[in-house]
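Below is the file final-v4.csv, which contains CSV, C-alpha atoms.
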chain,number,residue,atom,x,y,z
F,1,MET,CA,106.3,85.7,88.8
F,2,SER,CA,104.1,88.8,88.7
F,3,ASP,CA,106.0,92.0,88.3
F,4,HIS,CA,103.2,93.9,90.0
F,5,TYR,CA,103.0,94.6,93.8
F,6,LEU,CA,99.3,95.3,93.6
F,7,VAL,CA,98.3,92.0,91.9
F,8,LYS,CA,98.4,88.8,93.8
F,9,ASP,CA,97.4,85.2,93.0
F,10,GLY,CA,93.6,85.1,92.8
F,11,HIS,CA,93.3,88.6,91.3
F,12,CYS,CA,91.9,89.2,87.9
F,13,LEU,CA,92.7,92.2,85.7
F,14,ALA,CA,90.2,93.6,83.1
F,15,VAL,CA,92.4,95.5,80.7
F,16,PHE,CA,90.8,98.3,78.6
F,17,ASN,CA,92.0,99.9,75.4
F,18,SER,CA,90.3,103.2,76.2
F,19,THR,CA,90.8,105.6,79.1
F,20,HIS,CA,87.1,106.8,78.9
F,21,ARG,CA,85.8,103.2,78.9
F,22,VAL,CA,87.9,102.2,81.9
F,23,LEU,CA,86.7,105.3,83.9
F,24,LYS,CA,83.1,104.5,83.0
F,25,ALA,CA,83.5,100.9,84.0
F,26,GLU,CA,85.2,102.0,87.3
F,27,GLY,CA,82.3,104.4,88.0
F,28,LEU,CA,79.7,101.8,87.2
F,29,LEU,CA,81.2,99.1,89.4
F,30,LYS,CA,82.1,101.3,92.4
F,31,GLY,CA,78.7,102.9,92.2
F,32,ILE,CA,77.1,99.6,93.1
F,33,GLY,CA,79.6,98.8,95.8
F,34,ILE,CA,81.8,96.3,94.0
F,35,GLU,CA,85.4,96.3,95.3
F,36,ILE,CA,87.8,97.1,92.5
F,37,LEU,CA,91.0,99.1,92.0
F,38,LEU,CA,92.0,100.9,88.9
F,39,ILE,CA,95.7,100.3,88.4
F,40,PRO,CA,98.3,100.6,85.6
F,41,ALA,CA,98.3,97.4,83.6
F,42,PRO,CA,101.4,95.3,84.4
F,43,ARG,CA,104.1,95.3,81.8
F,44,ALA,CA,103.2,91.7,80.8
F,45,LEU,CA,99.7,92.9,79.8
F,46,GLN,CA,100.5,96.5,78.7
F,47,THR,CA,98.3,98.1,76.1
F,48,ASP,CA,98.2,101.6,74.7
F,49,CYS,CA,95.8,102.6,77.4
F,50,GLY,CA,97.7,100.7,80.1
F,51,LEU,CA,94.9,100.7,82.6
F,52,ALA,CA,93.2,97.7,84.2
F,53,LEU,CA,90.6,97.1,86.8
F,54,ARG,CA,91.7,94.7,89.5
F,55,PHE,CA,89.2,92.5,91.3
F,56,ASP,CA,88.9,89.2,93.1
F,57,GLN,CA,88.6,86.2,90.7
F,58,LYS,CA,85.4,85.2,92.6
F,59,GLN,CA,83.7,88.3,91.2
F,60,VAL,CA,84.7,87.8,87.5
F,61,HIS,CA,81.3,86.4,86.3
F,62,ALA,CA,79.3,89.1,88.0
F,63,ILE,CA,81.5,91.9,86.8
F,64,MET,CA,81.7,90.7,83.2
F,65,ALA,CA,77.9,90.4,83.1
F,66,LEU,CA,77.5,93.9,84.4
F,67,LEU,CA,80.1,95.3,82.0
F,68,LYS,CA,78.4,93.5,79.1
F,69,ASN,CA,75.0,94.9,80.0
F,70,HIS,CA,76.5,98.4,79.9
F,71,ASP,CA,78.5,97.8,76.7
F,72,LEU,CA,81.7,98.3,78.7
F,73,LEU,CA,83.5,95.0,78.2
F,74,PRO,CA,87.2,95.2,78.5
F,75,THR,CA,89.7,94.3,75.8
F,76,TYR,CA,90.5,91.1,77.7
F,77,VAL,CA,90.7,89.7,81.2
F,78,SER,CA,93.6,87.8,82.7
F,79,CYS,CA,93.8,86.2,86.1
F,80,LEU,CA,97.0,85.6,88.1
F,81,HIS,CA,97.7,81.9,88.9
F,82,ASN,CA,101.1,80.9,90.4
F,83,GLY,CA,102.6,84.1,89.2
F,84,GLN,CA,101.4,83.7,85.6
F,85,TYR,CA,98.7,85.6,83.8
F,86,ILE,CA,96.1,83.3,82.4
F,87,PRO,CA,93.5,84.6,80.0
F,88,CYS,CA,90.0,84.3,81.5
F,89,GLU,CA,87.3,82.5,79.5
F,90,ASP,CA,84.9,85.3,80.4
F,91,SER,CA,86.8,87.6,78.1
F,92,ALA,CA,86.1,85.6,75.0
F,93,ASP,CA,83.4,88.1,73.9
F,94,ALA,CA,85.4,91.1,75.0
F,95,HIS,CA,85.4,94.4,73.3
F,96,HIS,CA,88.0,94.9,70.6
B,1,MET,CA,126.4,99.5,117.6
B,2,LEU,CA,123.1,101.2,118.2
B,3,THR,CA,120.2,98.9,119.2
B,4,ILE,CA,116.6,99.8,118.6
B,5,ASP,CA,113.6,97.8,119.8
B,6,CYS,CA,110.8,97.5,117.2
B,7,ARG,CA,109.0,94.6,118.7
B,8,GLY,CA,105.3,95.1,118.8
B,9,GLN,CA,105.4,97.7,116.1
B,10,ALA,CA,103.4,97.3,112.9
B,11,CYS,CA,104.8,98.1,109.4
B,12,PRO,CA,106.0,100.5,108.2
B,13,ALA,CA,107.2,101.8,111.6
B,14,PRO,CA,110.1,99.3,112.0
B,15,VAL,CA,111.4,100.3,108.5
B,16,ILE,CA,111.3,104.0,109.2
B,17,ALA,CA,112.9,103.5,112.6
B,18,THR,CA,115.7,101.4,111.1
B,19,LYS,CA,116.3,104.0,108.4
B,20,ARG,CA,116.6,106.8,110.9
B,21,ALA,CA,118.8,104.7,113.2
B,22,LEU,CA,121.2,104.0,110.3
B,23,GLU,CA,121.4,107.7,109.4
B,24,THR,CA,122.7,108.4,112.9
B,25,SER,CA,124.8,105.3,113.3
B,26,PRO,CA,126.9,104.8,110.2
B,27,SER,CA,128.7,101.7,111.7
B,28,GLY,CA,125.4,99.8,111.7
B,29,VAL,CA,122.5,99.0,113.9
B,30,CYS,CA,121.0,96.1,115.8
B,31,VAL,CA,117.2,95.9,115.3
B,32,LEU,CA,114.9,93.8,117.5
B,33,LEU,CA,111.8,92.7,115.6
B,34,ASP,CA,108.8,90.5,115.5
B,35,ASP,CA,108.7,87.8,112.8
B,36,GLY,CA,106.7,88.2,109.6
B,37,ALA,CA,106.2,91.4,107.7
B,38,PRO,CA,108.4,93.6,110.0
B,39,ARG,CA,111.4,91.2,109.7
B,40,GLU,CA,110.8,90.8,105.9
B,41,ASN,CA,110.4,94.5,105.2
B,42,VAL,CA,113.4,95.6,107.3
B,43,THR,CA,115.6,92.9,105.6
B,44,ARG,CA,114.4,94.0,102.2
B,45,PHE,CA,115.0,97.6,103.0
B,46,ALA,CA,118.6,97.0,104.1
B,47,GLN,CA,119.5,94.6,101.3
B,48,THR,CA,118.2,96.9,98.5
B,49,ARG,CA,120.7,99.5,99.9
B,50,GLY,CA,123.6,97.1,99.7
B,51,LEU,CA,123.8,96.5,103.4
B,52,THR,CA,124.7,93.2,105.1
B,53,VAL,CA,122.0,91.6,107.3
B,54,THR,CA,122.7,88.9,109.8
B,55,GLU,CA,119.7,87.4,111.5
B,56,THR,CA,119.4,85.5,114.8
B,57,THR,CA,116.4,84.4,116.7
B,58,ASP,CA,115.7,83.4,120.3
B,59,GLY,CA,112.5,81.7,119.3
B,60,GLN,CA,110.3,84.6,120.3
B,61,GLY,CA,111.6,87.5,118.2
B,62,TRP,CA,114.4,88.3,115.7
B,63,THR,CA,117.6,90.3,116.0
B,64,LEU,CA,118.9,91.8,112.8
B,65,GLN,CA,122.5,93.1,112.7
B,66,ILE,CA,122.7,95.5,109.8
B,67,SER,CA,126.2,96.6,108.8
B,68,GLY,CA,128.1,98.2,106.0
B,69,ALA,CA,126.1,101.4,106.3
B,70,ASN,CA,127.0,104.8,105.3
B,71,LYS,CA,124.7,107.8,105.0
B,72,ALA,CA,124.5,107.7,101.2
B,73,ALA,CA,123.6,104.0,101.2
B,74,VAL,CA,120.9,104.6,103.8
B,75,GLN,CA,119.4,107.4,101.9
B,76,LYS,CA,119.4,105.8,98.5
B,77,PRO,CA,119.0,102.2,97.3
B,78,ALA,CA,122.1,100.6,95.9
B,79,SER,CA,120.6,100.6,92.4
B,80,ASP,CA,120.0,104.4,92.4
B,81,ASN,CA,121.8,106.8,90.2
B,82,ALA,CA,124.0,108.6,92.8
B,83,ALA,CA,124.6,111.6,90.6
B,84,VAL,CA,122.7,113.8,93.0
B,85,PRO,CA,123.6,113.2,96.7
B,86,GLY,CA,121.0,113.6,99.4
B,87,GLU,CA,117.4,112.7,99.8
B,88,ARG,CA,115.1,112.5,96.8
B,89,ILE,CA,111.8,114.1,97.7
B,90,LEU,CA,108.5,114.0,95.8
B,91,LEU,CA,106.4,117.0,96.6
B,92,VAL,CA,102.7,116.3,96.0
B,93,THR,CA,100.7,119.5,96.2
B,94,SER,CA,97.5,118.2,94.6
B,95,ASP,CA,95.4,115.1,94.3
B,96,ARG,CA,95.7,115.6,90.5
B,97,LEU,CA,98.6,115.3,88.2
B,98,GLY,CA,98.9,118.1,85.6
B,99,ASP,CA,96.5,120.8,84.4
B,100,GLY,CA,93.4,119.9,82.5
B,101,ASP,CA,90.4,117.7,83.1
B,102,ASN,CA,90.1,117.0,86.8
B,103,GLU,CA,89.0,113.4,86.4
B,104,LEU,CA,92.0,112.7,84.1
B,105,GLY,CA,94.3,114.5,86.6
B,106,ARG,CA,93.2,112.3,89.4
B,107,LEU,CA,93.6,109.2,87.3
B,108,LEU,CA,97.1,110.2,86.3
B,109,MET,CA,98.1,110.8,89.9
B,110,ARG,CA,96.8,107.4,91.0
B,111,ASN,CA,98.5,105.8,88.0
B,112,PHE,CA,101.8,107.6,88.9
B,113,LEU,CA,101.8,106.4,92.6
B,114,HIS,CA,100.9,102.9,91.6
B,115,THR,CA,103.7,102.9,89.0
B,116,LEU,CA,106.2,104.0,91.6
B,117,LEU,CA,105.9,100.5,93.1
B,118,GLU,CA,107.2,99.0,89.8
B,119,THR,CA,110.1,101.3,89.3
B,120,ALA,CA,113.7,100.4,90.2
B,121,GLN,CA,114.2,103.7,92.1
B,122,ARG,CA,112.1,105.0,95.0
B,123,PRO,CA,111.9,108.5,96.5
B,124,ASP,CA,113.2,108.7,100.0
B,125,ARG,CA,110.2,110.8,101.1
B,126,ILE,CA,106.9,111.9,99.7
B,127,LEU,CA,105.5,115.1,101.1
B,128,PHE,CA,101.7,115.7,100.7
B,129,LEU,CA,100.4,119.3,100.8
B,130,ASN,CA,97.1,120.9,100.0
B,131,SER,CA,94.7,118.5,98.3
B,132,GLY,CA,97.6,116.1,98.0
B,133,VAL,CA,96.7,114.9,101.5
B,134,LEU,CA,93.5,113.5,100.1
B,135,LEU,CA,95.7,110.7,98.7
B,136,THR,CA,96.7,109.5,102.1
B,137,VAL,CA,93.3,109.3,103.9
B,138,GLN,CA,90.8,106.5,104.4
B,139,GLY,CA,88.9,105.6,101.3
B,140,ALA,CA,91.5,106.9,98.8
B,141,ASP,CA,92.4,104.5,96.0
B,142,THR,CA,96.1,105.3,96.6
B,143,VAL,CA,96.3,104.0,100.1
B,144,GLU,CA,97.2,100.5,99.1
B,145,ALA,CA,100.1,101.6,96.9
B,146,LEU,CA,101.3,104.1,99.5
B,147,THR,CA,101.2,101.5,102.2
B,148,ALA,CA,103.4,99.2,100.1
B,149,LEU,CA,105.8,102.1,99.4
B,150,ALA,CA,106.0,102.9,103.2
B,151,ALA,CA,106.8,99.2,103.9
B,152,GLN,CA,109.7,99.6,101.5
B,153,GLY,CA,111.1,102.5,103.5
B,154,VAL,CA,109.6,105.5,101.8
B,155,ASP,CA,108.7,108.1,104.4
B,156,LEU,CA,105.2,109.5,103.8
B,157,ALA,CA,104.3,112.8,105.5
B,158,SER,CA,101.0,114.7,105.2
B,159,CYS,CA,100.6,118.3,106.1
B,160,GLY,CA,98.6,118.6,109.3
B,161,VAL,CA,97.1,122.0,108.5
B,162,CYS,CA,95.9,120.6,105.2
B,163,LEU,CA,94.3,117.5,106.8
B,164,ASP,CA,92.6,119.8,109.2
B,165,PHE,CA,91.4,122.1,106.4
B,166,TYR,CA,89.8,119.2,104.5
B,167,GLN,CA,88.4,117.8,107.9
B,168,LYS,CA,90.4,114.6,107.4
B,169,LYS,CA,92.7,114.9,110.4
B,170,ASP,CA,91.3,111.8,112.0
B,171,GLN,CA,91.2,109.8,108.8
B,172,LEU,CA,94.9,109.6,107.9
B,173,ALA,CA,95.4,106.0,106.6
B,174,VAL,CA,99.0,105.9,105.7
B,175,GLY,CA,102.2,107.7,106.8
B,176,ARG,CA,102.5,110.4,109.4
B,177,VAL,CA,101.4,114.0,110.0
B,178,THR,CA,104.0,116.7,109.5
B,179,ASN,CA,104.2,120.5,109.9
B,180,MET,CA,105.6,123.3,107.8
B,181,PHE,CA,108.7,123.6,109.9
B,182,SER,CA,109.8,120.1,109.1
B,183,THR,CA,108.6,120.4,105.5
B,184,ALA,CA,110.6,123.5,104.9
B,185,GLU,CA,113.7,121.9,106.4
B,186,GLN,CA,113.4,118.7,104.5
B,187,LEU,CA,112.9,120.6,101.2
B,188,LEU,CA,115.9,122.8,101.8
B,189,ASP,CA,118.1,119.8,102.8
B,190,ALA,CA,117.1,117.6,99.9
B,191,GLY,CA,119.4,116.5,97.2
B,192,SER,CA,116.5,116.7,94.7
B,193,VAL,CA,112.9,117.7,94.9
B,194,ILE,CA,110.4,116.6,92.2
B,195,ARG,CA,107.2,118.5,92.3
B,196,LEU,CA,104.1,116.7,90.9

Show how you would write the structure in this file as structure tokens.
Amino acid sequence: MSDHYLVKDGHCLAVFNSTHRVLKAEGLLKGIGIEILLIPAPRALQTDCGLALRFDQKQVHAIMALLKNHDLLPTYVSCLHNGQYIPCEDSADAHH
Amino acid sequence: MLTIDCRGQACPAPVIATKRALETSPSGVCVLLDDGAPRENVTRFAQTRGLTVTETTDGQGWTLQISGANKAAVQKPASDNAAVPGERILLVTSDRLGDGDNELGRLLMRNFLHTLLETAQRPDRILFLNSGVLLTVQGADTVEALTALAAQGVDLASCGVCLDFYQKKDQLAVGRVTNMFSTAEQLLDAGSVIRL
């Protein structure tokens, strides 16, 4: 099961390894009206930065394309399915 | 046993009403509720405080008999460290956490409130003053997390003068409006106050 009240099945989390990068990504996506929420990364996905952008899985392709165009790809993306975090294929070329 | 009728009320009102009723009726309370979130949240609130919940339904609504209460159990979840008796209050006087860069401060405050949802312990009450009230109004990124905390029985109170000053009085999205009289009383009565 998810240990995160703010993440439900069908949500994806883009986890970043840099506070500056996640803030830039948040500003970019919110600036064009995409619904996201910046939250602490769940324990299961914790990184040093510990921050993730939450969004609906239906938006994953559009969001990843935008982030790629602005050189703001996350470290990786995981989506919650049946209480389990599954790596998203769109994060294969993520920023490391 | 005290009976309160919370039918027709949306969350978190039933949880807050139940908490207050338990504080005045240590022998237990009987709560009339609608099915769904109100029933689930009140049951969770009582069970996390080690209270016994007995449910019955007449097909239209639910009656929850909550017993085993004492004031300490009502005020603090069963898992809490009871070293300090009384309410635990978070005093939020800014929409930023800490001194330094404003953007980082806002990020840290959001992060803190979101993380509260994952911690084993909860504050009993969060008081929002000055720019802290900007965390409870429409459009704030913290509303979702605060709504979840309220559903778990955390009382959220925003300073009315502050909402008025920031011209947000009609935009309160979560919790209730409070005044300085209540704020001062609650701070002085608290077992512990954590200022952010």

Counting only C-alpha atoms, note down every residue that has an atom within 12 Å of the point (85.2, 102.8, 84.9) (file coordinates), as number ranges by chain. F: 14-16, 18-32, 34, 36-39, 51-54, 63, 66-67, 70-74; B: 103, 107

Up to 12 Å from chain F, what residues of chain B turn up? Count only C-alpha atoms and give them as a PDB file with C-alpha atoms, in the coordinates of the input.
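Saved as out.pdb:
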ATOM      1  CA  GLU B 103      89.000 113.400  86.400  1.00  0.00           C
ATOM      2  CA  LEU B 104      92.000 112.700  84.100  1.00  0.00           C
ATOM      3  CA  ARG B 106      93.200 112.300  89.400  1.00  0.00           C
ATOM      4  CA  LEU B 107      93.600 109.200  87.300  1.00  0.00           C
ATOM      5  CA  LEU B 108      97.100 110.200  86.300  1.00  0.00           C
ATOM      6  CA  MET B 109      98.100 110.800  89.900  1.00  0.00           C
ATOM      7  CA  ARG B 110      96.800 107.400  91.000  1.00  0.00           C
ATOM      8  CA  ASN B 111      98.500 105.800  88.000  1.00  0.00           C
ATOM      9  CA  PHE B 112     101.800 107.600  88.900  1.00  0.00           C
ATOM     10  CA  LEU B 113     101.800 106.400  92.600  1.00  0.00           C
ATOM     11  CA  HIS B 114     100.900 102.900  91.600  1.00  0.00           C
ATOM     12  CA  THR B 115     103.700 102.900  89.000  1.00  0.00           C
ATOM     13  CA  LEU B 116     106.200 104.000  91.600  1.00  0.00           C
ATOM     14  CA  LEU B 117     105.900 100.500  93.100  1.00  0.00           C
ATOM     15  CA  GLU B 118     107.200  99.000  89.800  1.00  0.00           C
ATOM     16  CA  THR B 119     110.100 101.300  89.300  1.00  0.00           C
ATOM     17  CA  ALA B 120     113.700 100.400  90.200  1.00  0.00           C
ATOM     18  CA  GLY B 139      88.900 105.600 101.300  1.00  0.00           C
ATOM     19  CA  ALA B 140      91.500 106.900  98.800  1.00  0.00           C
ATOM     20  CA  ASP B 141      92.400 104.500  96.000  1.00  0.00           C
ATOM     21  CA  THR B 142      96.100 105.300  96.600  1.00  0.00           C
ATOM     22  CA  VAL B 143      96.300 104.000 100.100  1.00  0.00           C
ATOM     23  CA  GLU B 144      97.200 100.500  99.100  1.00  0.00           C
ATOM     24  CA  ALA B 145     100.100 101.600  96.900  1.00  0.00           C
ATOM     25  CA  LEU B 146     101.300 104.100  99.500  1.00  0.00           C
ATOM     26  CA  THR B 147     101.200 101.500 102.200  1.00  0.00           C
ATOM     27  CA  ALA B 148     103.400  99.200 100.100  1.00  0.00           C
ATOM     28  CA  LEU B 149     105.800 102.100  99.400  1.00  0.00           C
ATOM     29  CA  ALA B 151     106.800  99.200 103.900  1.00  0.00           C
ATOM     30  CA  GLN B 152     109.700  99.600 101.500  1.00  0.00           C
TER      31      GLN B 152
END

Ile126 of chain B: which residues within 9 Å, counting all atoms listed in the file, same-chain residues fewer than 6 positions away excluded, as a PyMOL selection string? chain B and resi 88-92+154-158

Using Å and a single decimal, report how far atom CA of Ile16 of chain B sits from atom CA of Lys8 of chain F.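 Atom-to-atom, atom CA of Lys8 of chain F and atom CA of Ile16 of chain B are spaced 25.2 Å apart.
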
Polymer residues at most 12 Å from segment 176-193 of chain B, only C-alpha atoms, same-chain spacing of 3 or more positions, as a VMD selection string: chain B and resid 12 to 13 16 72 75 to 76 82 to 92 123 to 130 133 136 to 137 146 to 147 150 154 to 164 168 to 173 196

Can you work out the spacing between atom CA of Gly28 of chain B and atom CA of Thr52 of chain B in Å, to one decimal?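 Straight-line distance from atom CA of Gly28 of chain B to atom CA of Thr52 of chain B works out to 9.4 Å.
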
Coordinates-based distance that separates atom CA of Gly153 of chain B from atom CA of Thr48 of chain B (Å, one decimal):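 About the pair atom CA of Thr48 of chain B and atom CA of Gly153 of chain B: they are 10.3 Å apart.
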
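Checking B:Phe45, B:Arg195, B:Thr56, B:Asp99 one by one against Arg122 of chain B, counting all atoms listed in the file, you find the shortest gap at B:Phe45.
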
Expected file content for segment 24-35 of chain F, all heavy atoms, as a compact mmCIF listing (two decimals), in the first residue's frame:
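Just written: decode_39.txt:
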# COMPACT_ATOMS: atom_id res chain seq x y z
N LYS F 24 11.96 24.90 -10.49
CA LYS F 24 11.84 25.39 -11.88
C LYS F 24 10.77 24.61 -12.64
O LYS F 24 9.98 25.18 -13.39
CB LYS F 24 13.20 25.23 -12.60
CG LYS F 24 14.19 26.33 -12.31
CD LYS F 24 15.42 26.13 -13.16
CE LYS F 24 16.50 27.15 -12.80
NZ LYS F 24 17.77 26.88 -13.50
N ALA F 25 10.78 23.30 -12.45
CA ALA F 25 9.79 22.47 -13.13
C ALA F 25 8.37 22.82 -12.67
O ALA F 25 7.44 22.90 -13.49
CB ALA F 25 10.08 20.99 -12.86
N GLU F 26 8.21 23.05 -11.38
CA GLU F 26 6.89 23.43 -10.86
C GLU F 26 6.43 24.75 -11.49
O GLU F 26 5.29 24.88 -11.92
CB GLU F 26 6.96 23.59 -9.34
CG GLU F 26 5.60 23.95 -8.74
CD GLU F 26 5.69 24.44 -7.30
OE1 GLU F 26 6.73 25.06 -6.95
OE2 GLU F 26 4.74 24.24 -6.55
N GLY F 27 7.35 25.72 -11.54
CA GLY F 27 7.00 27.01 -12.11
C GLY F 27 6.63 26.90 -13.58
O GLY F 27 5.66 27.52 -14.04
N LEU F 28 7.38 26.08 -14.31
CA LEU F 28 7.11 25.89 -15.73
C LEU F 28 5.71 25.30 -15.94
O LEU F 28 4.91 25.82 -16.73
CB LEU F 28 8.17 24.95 -16.34
CG LEU F 28 7.86 24.42 -17.73
CD1 LEU F 28 8.00 25.53 -18.77
CD2 LEU F 28 8.76 23.23 -18.08
N LEU F 29 5.42 24.21 -15.23
CA LEU F 29 4.17 23.50 -15.47
C LEU F 29 2.96 24.30 -14.97
O LEU F 29 1.93 24.37 -15.64
CB LEU F 29 4.22 22.13 -14.79
CG LEU F 29 5.31 21.19 -15.35
CD1 LEU F 29 5.45 19.94 -14.50
CD2 LEU F 29 5.01 20.81 -16.80
N LYS F 30 3.10 24.93 -13.82
CA LYS F 30 1.99 25.75 -13.31
C LYS F 30 1.77 26.97 -14.19
O LYS F 30 0.64 27.42 -14.36
CB LYS F 30 2.27 26.19 -11.87
CG LYS F 30 1.98 25.12 -10.85
CD LYS F 30 1.97 25.69 -9.45
CE LYS F 30 1.39 24.69 -8.48
NZ LYS F 30 1.39 25.22 -7.11
N GLY F 31 2.87 27.48 -14.73
CA GLY F 31 2.78 28.67 -15.57
C GLY F 31 1.94 28.46 -16.82
O GLY F 31 1.40 29.41 -17.37
N ILE F 32 1.83 27.21 -17.26
CA ILE F 32 1.01 26.95 -18.44
C ILE F 32 -0.27 26.21 -18.06
O ILE F 32 -0.93 25.62 -18.91
CB ILE F 32 1.80 26.18 -19.52
CG1 ILE F 32 2.43 24.92 -18.95
CG2 ILE F 32 2.86 27.07 -20.13
CD1 ILE F 32 3.16 24.10 -19.99
N GLY F 33 -0.57 26.24 -16.77
CA GLY F 33 -1.89 25.76 -16.33
C GLY F 33 -2.02 24.27 -16.11
O GLY F 33 -3.14 23.76 -16.00
N ILE F 34 -0.91 23.55 -16.02
CA ILE F 34 -0.99 22.11 -15.76
C ILE F 34 -1.15 21.88 -14.27
O ILE F 34 -0.44 22.47 -13.46
CB ILE F 34 0.26 21.38 -16.30
CG1 ILE F 34 0.30 21.51 -17.82
CG2 ILE F 34 0.26 19.91 -15.88
CD1 ILE F 34 1.48 20.85 -18.46
N GLU F 35 -2.10 21.01 -13.92
CA GLU F 35 -2.39 20.78 -12.51
C GLU F 35 -1.38 19.80 -11.92
O GLU F 35 -1.35 18.61 -12.28
CB GLU F 35 -3.81 20.23 -12.36
CG GLU F 35 -4.26 20.20 -10.91
CD GLU F 35 -5.71 19.78 -10.77
OE1 GLU F 35 -6.51 20.08 -11.68
OE2 GLU F 35 -6.03 19.16 -9.76
